[in-house]
Amino acid sequence: MNIQAYAERLWVSYKKIFPELKGDCPKIILSNRLTKTGGYNLSEENTVTLGNKFFAKHSDTMLNVILPHELAHQIDYNLHGWTKGRKHHNSNWCGIMMILGLSPDPYHTMEL
């Protein structure tokens, strides 16, 4: 599966949900270095890094939970920006997750 293409399809659907959302889908990076976190978003760089090792055991969770979780961070940044001291799993992000039909859990339970 082409994860970038999948993310871009999600992004198009998210732009329909949030018409004020501007910007391109983040670049998706797969990293073999991630063994604790499933992924992270560097909002100002418009990138999402996903733990490649998790895909072998948890591909559904990675595609349907972790990727949307990280894209929700980018949506939050694109819509609201960052301010000093603002937390990534804030009420705006939680609201975005709930609108997307996902639980706003800050951490995963996947094991390698």
# chains A, B, ... in the order shown; residues from 1 in each chain; ligands from 1
>>> residues_around(residues="A:Cys94", least_positions_apart="5", cutoff="9 Å", atoms="only C-alpha atoms", output="list of chain:residue names")
A:Ala72, A:His89, A:Ile99, A:Ser103, A:Pro104, A:Asp105
>>> residues_around(residues="stretch 76-81 of chain A", least_positions_apart="4", cutoff="10 Å", atoms="only C-alpha atoms", output="MDAnalysis selection string")
chainID A and resid 18 20:23 42:44 46 70:72 86 88:97
>>> residues_around(residues="A:Leu50", least_positions_apart="4", cutoff="9 Å", atoms="only C-alpha atoms", output="PyMOL selection string")
chain A and resi 28-32+34+37-41+54-55+62+66-67+70
>>> atom_distance(atom1="atom CA of A:Val48", atom2="atom CA of A:Lys27")
6.2 Å
>>> closest_residue(among="A:Thr83, A:Ser13, A:Thr109, A:Gln4", to="A:Leu63", atoms="only C-alpha atoms")
A:Gln4
>>> select_by_dssp(residues="chain A", states="strand (DSSP E or B)", output="JSON, numbers by chain")
{"A": [27, 28, 29, 30, 31, 39, 40, 41, 42, 47, 48, 49, 50, 51]}
>>> write_last_selection(atoms="all heavy atoms", output="compact mmCIF listing (two decimals), in the first residue's frame")
# COMPACT_ATOMS: atom_id res chain seq x y z
N LYS A 27 3.79 15.40 4.20
CA LYS A 27 4.63 14.35 3.65
C LYS A 27 4.71 13.25 4.70
O LYS A 27 4.95 13.50 5.88
CB LYS A 27 6.03 14.88 3.35
CG LYS A 27 6.97 13.83 2.82
CD LYS A 27 8.36 14.38 2.57
CE LYS A 27 9.27 13.27 2.12
NZ LYS A 27 10.66 13.72 2.03
N ILE A 28 4.52 12.01 4.29
CA ILE A 28 4.57 10.87 5.20
C ILE A 28 5.94 10.22 5.11
O ILE A 28 6.42 9.89 4.03
CB ILE A 28 3.48 9.82 4.86
CG1 ILE A 28 2.09 10.49 4.80
CG2 ILE A 28 3.52 8.67 5.85
CD1 ILE A 28 1.65 11.18 6.07
N ILE A 29 6.56 10.07 6.27
CA ILE A 29 7.89 9.47 6.38
C ILE A 29 7.76 8.20 7.23
O ILE A 29 7.14 8.24 8.29
CB ILE A 29 8.87 10.45 7.04
CG1 ILE A 29 8.98 11.73 6.20
CG2 ILE A 29 10.24 9.80 7.24
CD1 ILE A 29 9.63 12.88 6.93
N LEU A 30 8.33 7.11 6.77
CA LEU A 30 8.37 5.88 7.56
C LEU A 30 9.75 5.76 8.18
O LEU A 30 10.76 5.91 7.50
CB LEU A 30 8.07 4.67 6.69
CG LEU A 30 6.68 4.61 6.09
CD1 LEU A 30 6.54 3.40 5.18
CD2 LEU A 30 5.62 4.57 7.18
N SER A 31 9.77 5.50 9.48
CA SER A 31 11.04 5.42 10.20
C SER A 31 11.15 4.10 10.95
O SER A 31 10.23 3.72 11.68
CB SER A 31 11.15 6.58 11.20
OG SER A 31 12.30 6.41 12.01
N GLY A 39 3.95 7.40 15.97
CA GLY A 39 4.21 8.44 14.99
C GLY A 39 4.26 9.79 15.64
O GLY A 39 3.97 9.94 16.83
N TYR A 40 4.67 10.77 14.87
CA TYR A 40 4.66 12.15 15.33
C TYR A 40 4.53 13.09 14.15
O TYR A 40 4.85 12.74 13.02
CB TYR A 40 5.89 12.49 16.19
CG TYR A 40 7.22 12.38 15.48
CD1 TYR A 40 7.76 13.44 14.77
CD2 TYR A 40 7.96 11.20 15.53
CE1 TYR A 40 8.98 13.34 14.12
CE2 TYR A 40 9.17 11.07 14.90
CZ TYR A 40 9.68 12.16 14.20
OH TYR A 40 10.89 12.05 13.55
N ASN A 41 4.05 14.27 14.44
CA ASN A 41 3.82 15.30 13.43
C ASN A 41 4.73 16.49 13.70
O ASN A 41 4.79 16.97 14.83
CB ASN A 41 2.35 15.74 13.48
CG ASN A 41 2.07 17.00 12.68
OD1 ASN A 41 1.70 18.01 13.24
ND2 ASN A 41 2.24 16.94 11.39
N LEU A 42 5.45 16.92 12.69
CA LEU A 42 6.19 18.18 12.75
C LEU A 42 5.39 19.18 11.94
O LEU A 42 5.54 19.28 10.71
CB LEU A 42 7.61 18.02 12.21
CG LEU A 42 8.53 17.09 13.02
CD1 LEU A 42 9.89 16.95 12.34
CD2 LEU A 42 8.68 17.57 14.45
N THR A 47 5.11 17.52 8.04
CA THR A 47 5.48 16.12 7.88
C THR A 47 4.88 15.28 9.00
O THR A 47 4.67 15.76 10.11
CB THR A 47 7.02 15.91 7.91
OG1 THR A 47 7.52 16.31 9.19
CG2 THR A 47 7.71 16.67 6.80
N VAL A 48 4.62 14.03 8.68
CA VAL A 48 4.20 13.03 9.66
C VAL A 48 5.17 11.87 9.53
O VAL A 48 5.36 11.34 8.43
CB VAL A 48 2.75 12.55 9.40
CG1 VAL A 48 2.43 11.30 10.20
CG2 VAL A 48 1.75 13.66 9.72
N THR A 49 5.77 11.49 10.64
CA THR A 49 6.66 10.34 10.67
C THR A 49 5.94 9.22 11.39
O THR A 49 5.39 9.42 12.47
CB THR A 49 7.99 10.68 11.39
OG1 THR A 49 8.62 11.75 10.69
CG2 THR A 49 8.92 9.48 11.42
N LEU A 50 5.93 8.05 10.77
CA LEU A 50 5.26 6.87 11.34
C LEU A 50 6.28 5.78 11.60
O LEU A 50 7.24 5.61 10.85
CB LEU A 50 4.19 6.35 10.37
CG LEU A 50 3.04 7.29 10.04
CD1 LEU A 50 2.18 6.69 8.94
CD2 LEU A 50 2.22 7.61 11.28
N GLY A 51 6.05 5.03 12.67
CA GLY A 51 6.93 3.92 13.02
C GLY A 51 6.71 2.74 12.10
O GLY A 51 5.70 2.04 12.21
>>> select_by_dssp(residues="chain A", states="alpha helix (DSSP H)", output="PyMOL selection string")
chain A and resi 3-17+52-61+67-80+91-99
>>> decode(residues="stretch 18-29 of chain A", atoms="all heavy atoms", output="compact mmCIF listing (two decimals), in the first residue's frame")
# COMPACT_ATOMS: atom_id res chain seq x y z
N PHE A 18 -13.58 20.07 7.06
CA PHE A 18 -13.11 21.36 7.54
C PHE A 18 -12.82 22.25 6.32
O PHE A 18 -11.68 22.34 5.87
CB PHE A 18 -11.82 21.21 8.37
CG PHE A 18 -11.97 20.30 9.55
CD1 PHE A 18 -11.55 18.97 9.49
CD2 PHE A 18 -12.51 20.76 10.74
CE1 PHE A 18 -11.67 18.13 10.59
CE2 PHE A 18 -12.63 19.93 11.84
CZ PHE A 18 -12.22 18.61 11.76
N PRO A 19 -13.85 22.89 5.74
CA PRO A 19 -13.65 23.67 4.51
C PRO A 19 -12.62 24.79 4.64
O PRO A 19 -12.03 25.20 3.64
CB PRO A 19 -15.04 24.24 4.22
CG PRO A 19 -15.99 23.52 5.08
CD PRO A 19 -15.23 22.90 6.19
N GLU A 20 -12.38 25.25 5.86
CA GLU A 20 -11.41 26.33 6.07
C GLU A 20 -9.97 25.81 6.10
O GLU A 20 -9.02 26.59 6.14
CB GLU A 20 -11.73 27.08 7.36
CG GLU A 20 -11.56 26.29 8.64
CD GLU A 20 -12.73 25.39 9.03
OE1 GLU A 20 -13.58 25.03 8.19
OE2 GLU A 20 -12.79 25.01 10.20
N LEU A 21 -9.80 24.50 6.03
CA LEU A 21 -8.47 23.88 6.06
C LEU A 21 -7.72 24.19 4.77
O LEU A 21 -8.19 23.90 3.68
CB LEU A 21 -8.60 22.37 6.25
CG LEU A 21 -7.30 21.56 6.30
CD1 LEU A 21 -6.42 22.00 7.46
CD2 LEU A 21 -7.64 20.08 6.41
N LYS A 22 -6.56 24.77 4.93
CA LYS A 22 -5.70 25.10 3.79
C LYS A 22 -4.45 24.24 3.85
O LYS A 22 -4.09 23.70 4.88
CB LYS A 22 -5.30 26.58 3.82
CG LYS A 22 -6.47 27.55 3.89
CD LYS A 22 -7.26 27.56 2.61
CE LYS A 22 -8.36 28.59 2.69
NZ LYS A 22 -9.61 28.13 2.19
N GLY A 23 -3.75 24.17 2.76
CA GLY A 23 -2.47 23.48 2.73
C GLY A 23 -2.58 22.07 2.19
O GLY A 23 -3.65 21.47 2.11
N ASP A 24 -1.42 21.57 1.81
CA ASP A 24 -1.31 20.23 1.25
C ASP A 24 -1.21 19.19 2.35
O ASP A 24 -0.83 19.48 3.49
CB ASP A 24 -0.07 20.13 0.36
CG ASP A 24 -0.17 21.03 -0.86
OD1 ASP A 24 -1.29 21.24 -1.35
OD2 ASP A 24 0.88 21.52 -1.32
N CYS A 25 -1.49 17.98 1.98
CA CYS A 25 -1.31 16.85 2.88
C CYS A 25 0.14 16.79 3.33
O CYS A 25 1.06 17.01 2.53
CB CYS A 25 -1.68 15.56 2.15
SG CYS A 25 -1.44 14.07 3.13
N PRO A 26 0.37 16.49 4.60
CA PRO A 26 1.76 16.35 5.06
C PRO A 26 2.49 15.24 4.31
O PRO A 26 1.88 14.26 3.87
CB PRO A 26 1.62 15.99 6.53
CG PRO A 26 0.27 16.46 6.93
CD PRO A 26 -0.58 16.33 5.70
N LYS A 27 3.79 15.40 4.20
CA LYS A 27 4.63 14.35 3.65
C LYS A 27 4.71 13.25 4.70
O LYS A 27 4.95 13.50 5.88
CB LYS A 27 6.03 14.88 3.35
CG LYS A 27 6.97 13.83 2.82
CD LYS A 27 8.36 14.38 2.57
CE LYS A 27 9.27 13.27 2.12
NZ LYS A 27 10.66 13.72 2.03
N ILE A 28 4.52 12.01 4.29
CA ILE A 28 4.57 10.87 5.20
C ILE A 28 5.94 10.22 5.11
O ILE A 28 6.42 9.89 4.03
CB ILE A 28 3.48 9.82 4.86
CG1 ILE A 28 2.09 10.49 4.80
CG2 ILE A 28 3.52 8.67 5.85
CD1 ILE A 28 1.65 11.18 6.07
N ILE A 29 6.56 10.07 6.27
CA ILE A 29 7.89 9.47 6.38
C ILE A 29 7.76 8.20 7.23
O ILE A 29 7.14 8.24 8.29
CB ILE A 29 8.87 10.45 7.04
CG1 ILE A 29 8.98 11.73 6.20
CG2 ILE A 29 10.24 9.80 7.24
CD1 ILE A 29 9.63 12.88 6.93
